[in-house]
>>> print(open('data_4.cif').read())   # mmCIF, C-alpha atoms
data_upload
#
loop_
_atom_site.group_PDB
_atom_site.id
_atom_site.type_symbol
_atom_site.label_atom_id
_atom_site.label_comp_id
_atom_site.auth_asym_id
_atom_site.auth_seq_id
_atom_site.Cartn_x
_atom_site.Cartn_y
_atom_site.Cartn_z
ATOM 1 C CA TRP A 1 -30.728 12.836 -33.285
ATOM 2 C CA SER A 2 -27.894 13.433 -30.840
ATOM 3 C CA ALA A 3 -30.304 14.056 -27.963
ATOM 4 C CA PHE A 4 -32.101 10.812 -28.860
ATOM 5 C CA THR A 5 -28.859 8.830 -28.803
ATOM 6 C CA PHE A 6 -28.091 10.258 -25.352
ATOM 7 C CA GLY A 7 -31.446 9.023 -24.063
ATOM 8 C CA SER A 8 -33.748 12.047 -24.147
ATOM 9 C CA GLY A 9 -37.255 10.685 -23.671
ATOM 10 C CA MET A 10 -38.811 13.932 -24.849
ATOM 11 C CA VAL A 11 -36.874 13.798 -28.133
ATOM 12 C CA ALA A 12 -37.673 10.095 -28.543
ATOM 13 C CA ASP A 13 -41.395 10.756 -28.116
ATOM 14 C CA PHE A 14 -41.346 13.737 -30.468
ATOM 15 C CA GLY A 15 -39.279 11.951 -33.134
ATOM 16 C CA THR A 16 -41.404 8.816 -32.945
ATOM 17 C CA ALA A 17 -44.589 10.872 -33.328
ATOM 18 C CA GLN A 18 -43.112 12.755 -36.280
ATOM 19 C CA PHE A 19 -42.059 9.485 -37.927
ATOM 20 C CA GLN A 20 -45.583 8.157 -37.474
ATOM 21 C CA SER A 21 -46.769 11.292 -39.278
ATOM 22 C CA LEU A 22 -44.542 10.320 -42.210
ATOM 23 C CA LEU A 23 -45.980 6.799 -42.191
ATOM 24 C CA ASP A 24 -49.447 8.380 -42.242
ATOM 25 C CA GLY A 25 -48.515 10.362 -45.366
ATOM 26 C CA LYS A 26 -48.017 13.723 -43.690
ATOM 27 C CA ALA A 27 -45.063 16.032 -44.225
ATOM 28 C CA VAL A 28 -42.294 16.695 -41.718
ATOM 29 C CA HIS A 29 -40.253 19.896 -41.856
ATOM 30 C CA GLU A 30 -37.040 19.387 -43.812
ATOM 31 C CA ASP A 31 -34.932 20.855 -40.986
ATOM 32 C CA ILE A 32 -35.745 17.879 -38.760
ATOM 33 C CA LEU A 33 -36.361 15.205 -41.398
ATOM 34 C CA SER A 34 -32.954 13.533 -41.117
ATOM 35 C CA SER A 35 -33.256 13.167 -37.330
ATOM 36 C CA VAL A 36 -36.867 11.998 -37.546
ATOM 37 C CA LEU A 37 -35.891 9.314 -40.067
ATOM 38 C CA LYS A 38 -33.065 8.071 -37.829
ATOM 39 C CA ILE A 39 -35.323 8.001 -34.778
ATOM 40 C CA GLY A 40 -37.936 6.172 -36.840
ATOM 41 C CA ALA A 41 -35.336 3.624 -37.903
ATOM 42 C CA ALA A 42 -34.433 3.038 -34.274
ATOM 43 C CA THR A 43 -38.008 2.835 -32.957
ATOM 44 C CA SER A 44 -40.486 1.794 -35.651
ATOM 45 C CA ALA A 45 -41.104 -1.732 -36.918
ATOM 46 C CA GLY A 46 -42.400 -0.224 -40.171
ATOM 47 C CA ALA A 47 -39.315 1.852 -40.916
ATOM 48 C CA PHE A 48 -37.594 -0.506 -43.365
ATOM 49 C CA ASP A 49 -40.678 -0.939 -45.548
ATOM 50 C CA TYR A 50 -41.249 2.823 -45.598
ATOM 51 C CA PHE A 51 -37.603 3.482 -46.463
ATOM 52 C CA ALA A 52 -37.528 0.875 -49.244
ATOM 53 C CA LYS A 53 -40.703 2.301 -50.791
ATOM 54 C CA LYS A 54 -39.410 5.888 -50.685
ATOM 55 C CA LEU A 55 -35.985 4.930 -52.074
ATOM 56 C CA ARG A 56 -37.608 3.130 -55.009
ATOM 57 C CA ALA A 57 -40.070 5.955 -55.747
ATOM 58 C CA ALA A 58 -39.048 8.154 -58.657
ATOM 59 C CA ASP A 59 -40.719 11.202 -57.087
ATOM 60 C CA THR A 60 -38.753 11.116 -53.814
ATOM 61 C CA PRO A 61 -36.387 14.127 -53.810
ATOM 62 C CA GLU A 62 -32.670 13.287 -53.864
ATOM 63 C CA ALA A 63 -32.052 15.104 -50.560
ATOM 64 C CA GLU A 64 -34.724 12.991 -48.870
ATOM 65 C CA LYS A 65 -33.238 9.809 -50.330
ATOM 66 C CA LEU A 66 -29.852 10.748 -48.864
ATOM 67 C CA SER A 67 -31.450 11.281 -45.452
ATOM 68 C CA ILE A 68 -33.156 7.897 -45.735
ATOM 69 C CA LEU A 69 -29.851 6.263 -46.647
ATOM 70 C CA GLY A 70 -28.286 7.782 -43.546
ATOM 71 C CA ALA A 71 -31.155 6.414 -41.445
ATOM 72 C CA LEU A 72 -31.066 2.886 -42.907
ATOM 73 C CA GLY A 73 -28.027 1.943 -40.860
ATOM 74 C CA HIS A 74 -29.852 2.733 -37.611
ATOM 75 C CA LEU A 75 -32.463 -0.036 -37.893
ATOM 76 C CA LYS A 76 -32.604 -2.060 -34.674
ATOM 77 C CA GLU A 77 -33.614 -5.497 -35.987
ATOM 78 C CA LYS A 78 -30.785 -7.593 -37.413
ATOM 79 C CA GLU A 79 -32.866 -9.097 -40.238
ATOM 80 C CA LYS A 80 -34.154 -5.714 -41.374
ATOM 81 C CA LEU A 81 -30.720 -4.152 -41.110
ATOM 82 C CA LEU A 82 -29.277 -6.942 -43.269
ATOM 83 C CA ALA A 83 -32.129 -6.446 -45.756
ATOM 84 C CA ALA A 84 -31.362 -2.716 -45.794
ATOM 85 C CA LEU A 85 -27.679 -3.350 -46.476
ATOM 86 C CA GLU A 86 -28.643 -5.749 -49.279
ATOM 87 C CA LEU A 87 -31.007 -3.166 -50.783
ATOM 88 C CA ASN A 88 -28.224 -0.624 -50.493
ATOM 89 C CA LEU A 89 -25.706 -2.730 -52.423
ATOM 90 C CA ARG A 90 -28.148 -3.911 -55.095
ATOM 91 C CA GLU A 91 -30.400 -0.921 -55.786
ATOM 92 C CA ILE A 92 -28.743 2.300 -54.643
ATOM 93 C CA PRO A 93 -26.456 4.273 -56.980
ATOM 94 C CA LYS A 94 -22.811 3.540 -56.191
ATOM 95 C CA LYS A 95 -22.118 7.164 -55.325
ATOM 96 C CA ASN A 96 -24.415 6.857 -52.269
ATOM 97 C CA VAL A 97 -23.696 3.334 -51.022
ATOM 98 C CA THR A 98 -21.408 4.359 -48.160
ATOM 99 C CA TYR A 99 -24.099 6.267 -46.195
ATOM 100 C CA PRO A 100 -25.962 3.265 -44.711
ATOM 101 C CA ILE A 101 -22.785 1.251 -44.195
ATOM 102 C CA GLY A 102 -21.185 4.067 -42.215
ATOM 103 C CA ALA A 103 -24.315 4.448 -40.095
ATOM 104 C CA ALA A 104 -24.499 0.691 -39.496
ATOM 105 C CA ALA A 105 -20.873 0.684 -38.332
ATOM 106 C CA ARG A 106 -21.960 2.988 -35.487
ATOM 107 C CA ASN A 107 -25.089 0.952 -34.676
ATOM 108 C CA PRO A 108 -24.598 -1.248 -31.584
ATOM 109 C CA VAL A 109 -27.009 -3.813 -33.057
ATOM 110 C CA ALA A 110 -24.733 -4.298 -36.087
ATOM 111 C CA ILE A 111 -21.322 -4.433 -34.446
ATOM 112 C CA GLY A 112 -21.479 -8.189 -33.847
ATOM 113 C CA PHE A 113 -22.263 -9.161 -37.442
ATOM 114 C CA LEU A 114 -21.095 -6.316 -39.664
ATOM 115 C CA TRP A 115 -17.544 -7.635 -40.096
ATOM 116 C CA GLN A 116 -18.917 -10.934 -41.440
ATOM 117 C CA TRP A 117 -21.298 -8.991 -43.678
ATOM 118 C CA PHE A 118 -18.282 -7.070 -44.999
ATOM 119 C CA LEU A 119 -16.459 -10.321 -45.815
ATOM 120 C CA ASP A 120 -19.561 -11.878 -47.379
ATOM 121 C CA ASN A 121 -20.076 -8.821 -49.609
ATOM 122 C CA LEU A 122 -16.472 -7.927 -50.307
ATOM 123 C CA GLU A 123 -16.744 -8.747 -54.003
ATOM 124 C CA SER A 124 -19.582 -6.223 -54.397
ATOM 125 C CA LEU A 125 -17.807 -3.665 -52.211
ATOM 126 C CA GLU A 126 -14.698 -3.929 -54.385
ATOM 127 C CA GLN A 127 -16.817 -2.673 -57.311
ATOM 128 C CA LEU A 128 -17.555 0.659 -55.608
ATOM 129 C CA LEU A 129 -16.261 3.939 -56.952
ATOM 130 C CA PRO A 130 -12.633 4.879 -56.201
ATOM 131 C CA GLY A 131 -12.205 5.857 -52.578
ATOM 132 C CA GLN A 132 -15.484 4.364 -51.409
ATOM 133 C CA LEU A 133 -14.025 1.021 -50.387
ATOM 134 C CA GLY A 134 -11.591 2.981 -48.237
ATOM 135 C CA ARG A 135 -14.473 4.870 -46.596
ATOM 136 C CA VAL A 136 -16.186 1.580 -45.819
ATOM 137 C CA ILE A 137 -12.976 0.127 -44.363
ATOM 138 C CA ILE A 138 -12.155 3.147 -42.199
ATOM 139 C CA GLY A 139 -15.741 3.361 -40.942
ATOM 140 C CA LEU A 140 -16.233 -0.310 -40.222
ATOM 141 C CA VAL A 141 -12.917 -1.832 -39.132
ATOM 142 C CA PRO A 142 -12.095 0.161 -35.955
ATOM 143 C CA VAL A 143 -15.448 -0.674 -34.354
ATOM 144 C CA CYS A 144 -16.620 -3.930 -35.923
ATOM 145 C CA GLY A 145 -13.173 -5.505 -36.014
ATOM 146 C CA GLN A 146 -12.749 -5.469 -32.241
ATOM 147 C CA GLY A 147 -12.132 -8.892 -30.770
ATOM 148 C CA ARG A 148 -10.993 -10.321 -34.107
ATOM 149 C CA ALA A 149 -7.858 -8.324 -34.867
ATOM 150 C CA ARG A 150 -5.903 -11.238 -36.364
ATOM 151 C CA GLU A 151 -8.754 -12.144 -38.736
ATOM 152 C CA VAL A 152 -9.163 -8.497 -39.750
ATOM 153 C CA GLU A 153 -5.428 -8.057 -40.360
ATOM 154 C CA GLU A 154 -5.305 -11.170 -42.568
ATOM 155 C CA ALA A 155 -8.361 -10.170 -44.593
ATOM 156 C CA LEU A 156 -7.122 -6.624 -45.089
ATOM 157 C CA ALA A 157 -3.609 -7.786 -46.009
ATOM 158 C CA SER A 158 -5.137 -9.818 -48.821
ATOM 159 C CA LEU A 159 -7.342 -6.890 -49.816
ATOM 160 C CA GLY A 160 -4.330 -4.551 -49.804
ATOM 161 C CA GLU A 161 -2.515 -6.830 -52.243
ATOM 162 C CA LYS A 162 -5.480 -6.636 -54.635
ATOM 163 C CA HIS A 163 -5.946 -2.888 -54.147
ATOM 164 C CA PRO A 164 -2.552 -1.272 -53.504
ATOM 165 C CA ARG A 165 -4.062 2.230 -53.539
ATOM 166 C CA ALA A 166 -6.090 1.269 -50.455
ATOM 167 C CA GLN A 167 -3.010 0.320 -48.432
ATOM 168 C CA GLY A 168 -2.755 3.665 -46.627
ATOM 169 C CA THR A 169 -6.400 3.482 -45.608
ATOM 170 C CA ILE A 170 -5.980 -0.117 -44.492
ATOM 171 C CA THR A 171 -2.991 0.836 -42.339
ATOM 172 C CA MET A 172 -4.937 3.718 -40.803
ATOM 173 C CA ALA A 173 -7.970 1.479 -40.122
ATOM 174 C CA LEU A 174 -5.790 -1.143 -38.428
ATOM 175 C CA GLU A 175 -4.129 1.530 -36.290
ATOM 176 C CA ALA A 176 -7.550 2.845 -35.263
ATOM 177 C CA LEU A 177 -8.679 -0.718 -34.501
ATOM 178 C CA ASP A 178 -5.657 -1.144 -32.238
ATOM 179 C CA VAL A 179 -6.378 2.123 -30.412
ATOM 180 C CA TYR A 180 -10.108 1.385 -30.007
ATOM 181 C CA SER A 181 -9.332 -2.134 -28.798
ATOM 182 C CA ARG A 182 -6.878 -0.837 -26.182
ATOM 183 C CA LEU A 183 -9.398 1.759 -25.023
ATOM 184 C CA ARG A 184 -12.036 -0.938 -24.704
ATOM 185 C CA VAL A 185 -9.733 -3.087 -22.555
ATOM 186 C CA ALA A 186 -8.687 -0.100 -20.429
ATOM 187 C CA LYS A 187 -12.209 0.830 -19.363
#
>>> encode(input="data_4.cif", output="structure tokens")
Amino acid sequence: WSAFTFGSGMVADFGTAQFQSLLDGKAVHEDILSSVLKIGAATSAGAFDYFAKKLRAADTPEAEKLSILGALGHLKEKEKLLAALELNLREIPKKNVTYPIGAAARNPVAIGFLWQWFLDNLESLEQLLPGQLGRVIIGLVPVCGQGRAREVEEALASLGEKHPRAQGTITMALEALDVYSRLRVAK
């Protein structure tokens, strides 16, 4: 996966071919499955439908479902990525909900709309297991909050009042946002 993200054409071709094998019903070695799923998410128009089907299937092994959840956030079409995040919040066990959100927070396609998605889904996110809301905040805010620091600070101040135990995480996320924003300006 790392080689793909750095632009390796050979890895892209291999991963895309392996993902097509999955779509064709063939097996892919478990050692490379996670990377193949992420590459498939980034390159294949059929990835979301495949992922949704596998996540809903009772016979999909738990380890494979976790790899799929990690790949969901790497979809490259906004509409499909939003559908994946919706599926994640509505159908995935709470213990696993942070995987696709964390991946989406590192997806350049999602950076422009993920903060608004966070606000629109905050009520559902507040129902996550203890600590998970903090993981979402620390993963999303430093990257997706850039260019809207005042709005982010106001929203998180309100959230901190409702969830005092999250205040430390909120402070850390805002500090990281400040650092990332300064680095962005400095380049």
>>> atom_distance(input="data_4.cif", atom1="atom CA of A:Gln20", atom2="atom CA of A:Glu91")
25.5 Å
>>> closest_residue(input="data_4.cif", among="A:Ala149, A:Val143, A:Leu159, A:Ala12", to="A:Ala105", atoms="all atoms listed in the file")
A:Val143
>>> residues_around(input="data_4.cif", residues="A:Asp49", least_positions_apart="4", cutoff="10 Å", atoms="only C-alpha atoms", output="list in words")
Leu23, Ala45, Lys53, Lys54, Leu55, Lys80 and Ala84 of chain A
>>> resolve_selection(input="data_4.cif", expression="the PyMOL selection byres ((chain A and resi 63-77) around 8)", output="PDB file with C-alpha atoms, in the frame of the given file")
ATOM      1  CA  LEU A  33     -36.361  15.205 -41.398  1.00  0.00           C
ATOM      2  CA  SER A  34     -32.954  13.533 -41.117  1.00  0.00           C
ATOM      3  CA  LEU A  37     -35.891   9.314 -40.067  1.00  0.00           C
ATOM      4  CA  LYS A  38     -33.065   8.071 -37.829  1.00  0.00           C
ATOM      5  CA  ALA A  41     -35.336   3.624 -37.903  1.00  0.00           C
ATOM      6  CA  ALA A  42     -34.433   3.038 -34.274  1.00  0.00           C
ATOM      7  CA  THR A  43     -38.008   2.835 -32.957  1.00  0.00           C
ATOM      8  CA  ALA A  47     -39.315   1.852 -40.916  1.00  0.00           C
ATOM      9  CA  PHE A  48     -37.594  -0.506 -43.365  1.00  0.00           C
ATOM     10  CA  PHE A  51     -37.603   3.482 -46.463  1.00  0.00           C
ATOM     11  CA  LYS A  54     -39.410   5.888 -50.685  1.00  0.00           C
ATOM     12  CA  LEU A  55     -35.985   4.930 -52.074  1.00  0.00           C
ATOM     13  CA  THR A  60     -38.753  11.116 -53.814  1.00  0.00           C
ATOM     14  CA  PRO A  61     -36.387  14.127 -53.810  1.00  0.00           C
ATOM     15  CA  GLU A  62     -32.670  13.287 -53.864  1.00  0.00           C
ATOM     16  CA  LYS A  78     -30.785  -7.593 -37.413  1.00  0.00           C
ATOM     17  CA  GLU A  79     -32.866  -9.097 -40.238  1.00  0.00           C
ATOM     18  CA  LYS A  80     -34.154  -5.714 -41.374  1.00  0.00           C
ATOM     19  CA  LEU A  81     -30.720  -4.152 -41.110  1.00  0.00           C
ATOM     20  CA  ALA A  84     -31.362  -2.716 -45.794  1.00  0.00           C
ATOM     21  CA  LEU A  85     -27.679  -3.350 -46.476  1.00  0.00           C
ATOM     22  CA  ASN A  96     -24.415   6.857 -52.269  1.00  0.00           C
ATOM     23  CA  TYR A  99     -24.099   6.267 -46.195  1.00  0.00           C
ATOM     24  CA  PRO A 100     -25.962   3.265 -44.711  1.00  0.00           C
ATOM     25  CA  ILE A 101     -22.785   1.251 -44.195  1.00  0.00           C
ATOM     26  CA  GLY A 102     -21.185   4.067 -42.215  1.00  0.00           C
ATOM     27  CA  ALA A 103     -24.315   4.448 -40.095  1.00  0.00           C
ATOM     28  CA  ALA A 104     -24.499   0.691 -39.496  1.00  0.00           C
ATOM     29  CA  ALA A 105     -20.873   0.684 -38.332  1.00  0.00           C
ATOM     30  CA  ASN A 107     -25.089   0.952 -34.676  1.00  0.00           C
ATOM     31  CA  VAL A 109     -27.009  -3.813 -33.057  1.00  0.00           C
TER      32      VAL A 109
END
>>> closest_residue(input="data_4.cif", among="A:Ala176, A:Gln167, A:Ile39, A:His29", to="A:Gly7", atoms="all atoms listed in the file")
A:Ile39
>>> atom_distance(input="data_4.cif", atom1="atom CA of A:Leu87", atom2="atom CA of A:Leu125")
13.3 Å
>>> resolve_selection(input="data_4.cif", expression="the PyMOL selection byres ((chain A and resi 13) around 12)", output="PDB file with C-alpha atoms, in the frame of the given file")
ATOM      1  CA  ALA A   3     -30.304  14.056 -27.963  1.00  0.00           C
ATOM      2  CA  PHE A   4     -32.101  10.812 -28.860  1.00  0.00           C
ATOM      3  CA  GLY A   7     -31.446   9.023 -24.063  1.00  0.00           C
ATOM      4  CA  SER A   8     -33.748  12.047 -24.147  1.00  0.00           C
ATOM      5  CA  GLY A   9     -37.255  10.685 -23.671  1.00  0.00           C
ATOM      6  CA  MET A  10     -38.811  13.932 -24.849  1.00  0.00           C
ATOM      7  CA  VAL A  11     -36.874  13.798 -28.133  1.00  0.00           C
ATOM      8  CA  ALA A  12     -37.673  10.095 -28.543  1.00  0.00           C
ATOM      9  CA  PHE A  14     -41.346  13.737 -30.468  1.00  0.00           C
ATOM     10  CA  GLY A  15     -39.279  11.951 -33.134  1.00  0.00           C
ATOM     11  CA  THR A  16     -41.404   8.816 -32.945  1.00  0.00           C
ATOM     12  CA  ALA A  17     -44.589  10.872 -33.328  1.00  0.00           C
ATOM     13  CA  GLN A  18     -43.112  12.755 -36.280  1.00  0.00           C
ATOM     14  CA  PHE A  19     -42.059   9.485 -37.927  1.00  0.00           C
ATOM     15  CA  GLN A  20     -45.583   8.157 -37.474  1.00  0.00           C
ATOM     16  CA  VAL A  36     -36.867  11.998 -37.546  1.00  0.00           C
ATOM     17  CA  ILE A  39     -35.323   8.001 -34.778  1.00  0.00           C
ATOM     18  CA  GLY A  40     -37.936   6.172 -36.840  1.00  0.00           C
ATOM     19  CA  THR A  43     -38.008   2.835 -32.957  1.00  0.00           C
ATOM     20  CA  SER A  44     -40.486   1.794 -35.651  1.00  0.00           C
TER      21      SER A  44
END
>>> atom_distance(input="data_4.cif", atom1="atom CA of A:Ile111", atom2="atom CA of A:Gly145")
8.4 Å
>>> residues_around(input="data_4.cif", residues="A:Leu156", least_positions_apart="4", cutoff="10 Å", atoms="all atoms listed in the file", output="PyMOL selection string")
chain A and resi 137+141+150-152+160-163+166-167+170-171+173-174
>>> write_last_selection(input="data_4.cif", atoms="C-alpha atoms", output="PDB file, in the frame of the given file")
ATOM      1  CA  ILE A 137     -12.976   0.127 -44.363  1.00  0.00           C
ATOM      2  CA  VAL A 141     -12.917  -1.832 -39.132  1.00  0.00           C
ATOM      3  CA  ARG A 150      -5.903 -11.238 -36.364  1.00  0.00           C
ATOM      4  CA  GLU A 151      -8.754 -12.144 -38.736  1.00  0.00           C
ATOM      5  CA  VAL A 152      -9.163  -8.497 -39.750  1.00  0.00           C
ATOM      6  CA  GLY A 160      -4.330  -4.551 -49.804  1.00  0.00           C
ATOM      7  CA  GLU A 161      -2.515  -6.830 -52.243  1.00  0.00           C
ATOM      8  CA  LYS A 162      -5.480  -6.636 -54.635  1.00  0.00           C
ATOM      9  CA  HIS A 163      -5.946  -2.888 -54.147  1.00  0.00           C
ATOM     10  CA  ALA A 166      -6.090   1.269 -50.455  1.00  0.00           C
ATOM     11  CA  GLN A 167      -3.010   0.320 -48.432  1.00  0.00           C
ATOM     12  CA  ILE A 170      -5.980  -0.117 -44.492  1.00  0.00           C
ATOM     13  CA  THR A 171      -2.991   0.836 -42.339  1.00  0.00           C
ATOM     14  CA  ALA A 173      -7.970   1.479 -40.122  1.00  0.00           C
ATOM     15  CA  LEU A 174      -5.790  -1.143 -38.428  1.00  0.00           C
TER      16      LEU A 174
END
>>> closest_residue(input="data_4.cif", among="A:Thr5, A:Pro142, A:Arg106, A:Ser158", to="A:Glu175", atoms="only C-alpha atoms")
A:Pro142
>>> axis_aligned_box(input="data_4.cif", around="stretch 73-77 of chain A", padding_each_side="6 Å", output="JSON")
{"center_x": -30.8, "center_y": -1.4, "center_z": -37.8, "size_x": 17.6, "size_y": 20.2, "size_z": 18.2}
>>> build_atoms(input="data_4.cif", residues="stretch 156-185 of chain A", atoms="N, CA and C atoms", output="tab-separated table (two decimals), in the frame of the given file")
chain	number	residue	atom	x	y	z
A	156	LEU	N	-7.52	-7.90	-44.50
A	156	LEU	CA	-7.12	-6.62	-45.09
A	156	LEU	C	-5.76	-6.71	-45.77
A	157	ALA	N	-4.89	-7.59	-45.31
A	157	ALA	CA	-3.61	-7.79	-46.01
A	157	ALA	C	-3.87	-8.31	-47.42
A	158	SER	N	-4.77	-9.27	-47.52
A	158	SER	CA	-5.14	-9.82	-48.82
A	158	SER	C	-5.80	-8.75	-49.69
A	159	LEU	N	-6.67	-7.96	-49.08
A	159	LEU	CA	-7.34	-6.89	-49.82
A	159	LEU	C	-6.34	-5.84	-50.29
A	160	GLY	N	-5.36	-5.53	-49.45
A	160	GLY	CA	-4.33	-4.55	-49.80
A	160	GLY	C	-3.49	-5.00	-50.98
A	161	GLU	N	-3.26	-6.30	-51.09
A	161	GLU	CA	-2.52	-6.83	-52.24
A	161	GLU	C	-3.31	-6.64	-53.53
A	162	LYS	N	-4.62	-6.80	-53.46
A	162	LYS	CA	-5.48	-6.64	-54.64
A	162	LYS	C	-5.71	-5.17	-54.98
A	163	HIS	N	-5.67	-4.32	-53.96
A	163	HIS	CA	-5.95	-2.89	-54.15
A	163	HIS	C	-4.84	-2.07	-53.49
A	164	PRO	N	-3.69	-1.97	-54.12
A	164	PRO	CA	-2.55	-1.27	-53.50
A	164	PRO	C	-2.85	0.18	-53.12
A	165	ARG	N	-3.74	0.84	-53.86
A	165	ARG	CA	-4.06	2.23	-53.54
A	165	ARG	C	-4.81	2.36	-52.21
A	166	ALA	N	-5.36	1.25	-51.73
A	166	ALA	CA	-6.09	1.27	-50.46
A	166	ALA	C	-5.18	0.99	-49.26
A	167	GLN	N	-3.91	0.73	-49.51
A	167	GLN	CA	-3.01	0.32	-48.43
A	167	GLN	C	-2.90	1.36	-47.31
A	168	GLY	N	-2.83	2.63	-47.65
A	168	GLY	CA	-2.76	3.66	-46.63
A	168	GLY	C	-4.00	3.67	-45.74
A	169	THR	N	-5.15	3.53	-46.36
A	169	THR	CA	-6.40	3.48	-45.61
A	169	THR	C	-6.45	2.24	-44.73
A	170	ILE	N	-6.00	1.13	-45.27
A	170	ILE	CA	-5.98	-0.12	-44.49
A	170	ILE	C	-5.08	0.04	-43.27
A	171	THR	N	-3.91	0.61	-43.46
A	171	THR	CA	-2.99	0.84	-42.34
A	171	THR	C	-3.64	1.73	-41.29
A	172	MET	N	-4.28	2.80	-41.73
A	172	MET	CA	-4.94	3.72	-40.80
A	172	MET	C	-6.08	3.01	-40.06
A	173	ALA	N	-6.86	2.20	-40.76
A	173	ALA	CA	-7.97	1.48	-40.12
A	173	ALA	C	-7.46	0.49	-39.08
A	174	LEU	N	-6.36	-0.19	-39.39
A	174	LEU	CA	-5.79	-1.14	-38.43
A	174	LEU	C	-5.22	-0.42	-37.21
A	175	GLU	N	-4.62	0.74	-37.42
A	175	GLU	CA	-4.13	1.53	-36.29
A	175	GLU	C	-5.29	1.98	-35.41
A	176	ALA	N	-6.37	2.42	-36.03
A	176	ALA	CA	-7.55	2.84	-35.26
A	176	ALA	C	-8.16	1.66	-34.52
A	177	LEU	N	-8.19	0.49	-35.16
A	177	LEU	CA	-8.68	-0.72	-34.50
A	177	LEU	C	-7.85	-1.02	-33.26
A	178	ASP	N	-6.54	-0.90	-33.38
A	178	ASP	CA	-5.66	-1.14	-32.24
A	178	ASP	C	-5.95	-0.16	-31.10
A	179	VAL	N	-6.09	1.11	-31.43
A	179	VAL	CA	-6.38	2.12	-30.41
A	179	VAL	C	-7.73	1.85	-29.76
A	180	TYR	N	-8.77	1.63	-30.55
A	180	TYR	CA	-10.11	1.38	-30.01
A	180	TYR	C	-10.11	0.14	-29.13
A	181	SER	N	-9.39	-0.89	-29.57
A	181	SER	CA	-9.33	-2.13	-28.80
A	181	SER	C	-8.65	-1.91	-27.45
A	182	ARG	N	-7.56	-1.13	-27.45
A	182	ARG	CA	-6.88	-0.84	-26.18
A	182	ARG	C	-7.76	0.01	-25.27
A	183	LEU	N	-8.49	0.95	-25.83
A	183	LEU	CA	-9.40	1.76	-25.02
A	183	LEU	C	-10.50	0.89	-24.42
A	184	ARG	N	-10.98	-0.04	-25.18
A	184	ARG	CA	-12.04	-0.94	-24.70
A	184	ARG	C	-11.54	-1.78	-23.53
A	185	VAL	N	-10.32	-2.28	-23.63
A	185	VAL	CA	-9.73	-3.09	-22.56
A	185	VAL	C	-9.47	-2.23	-21.32
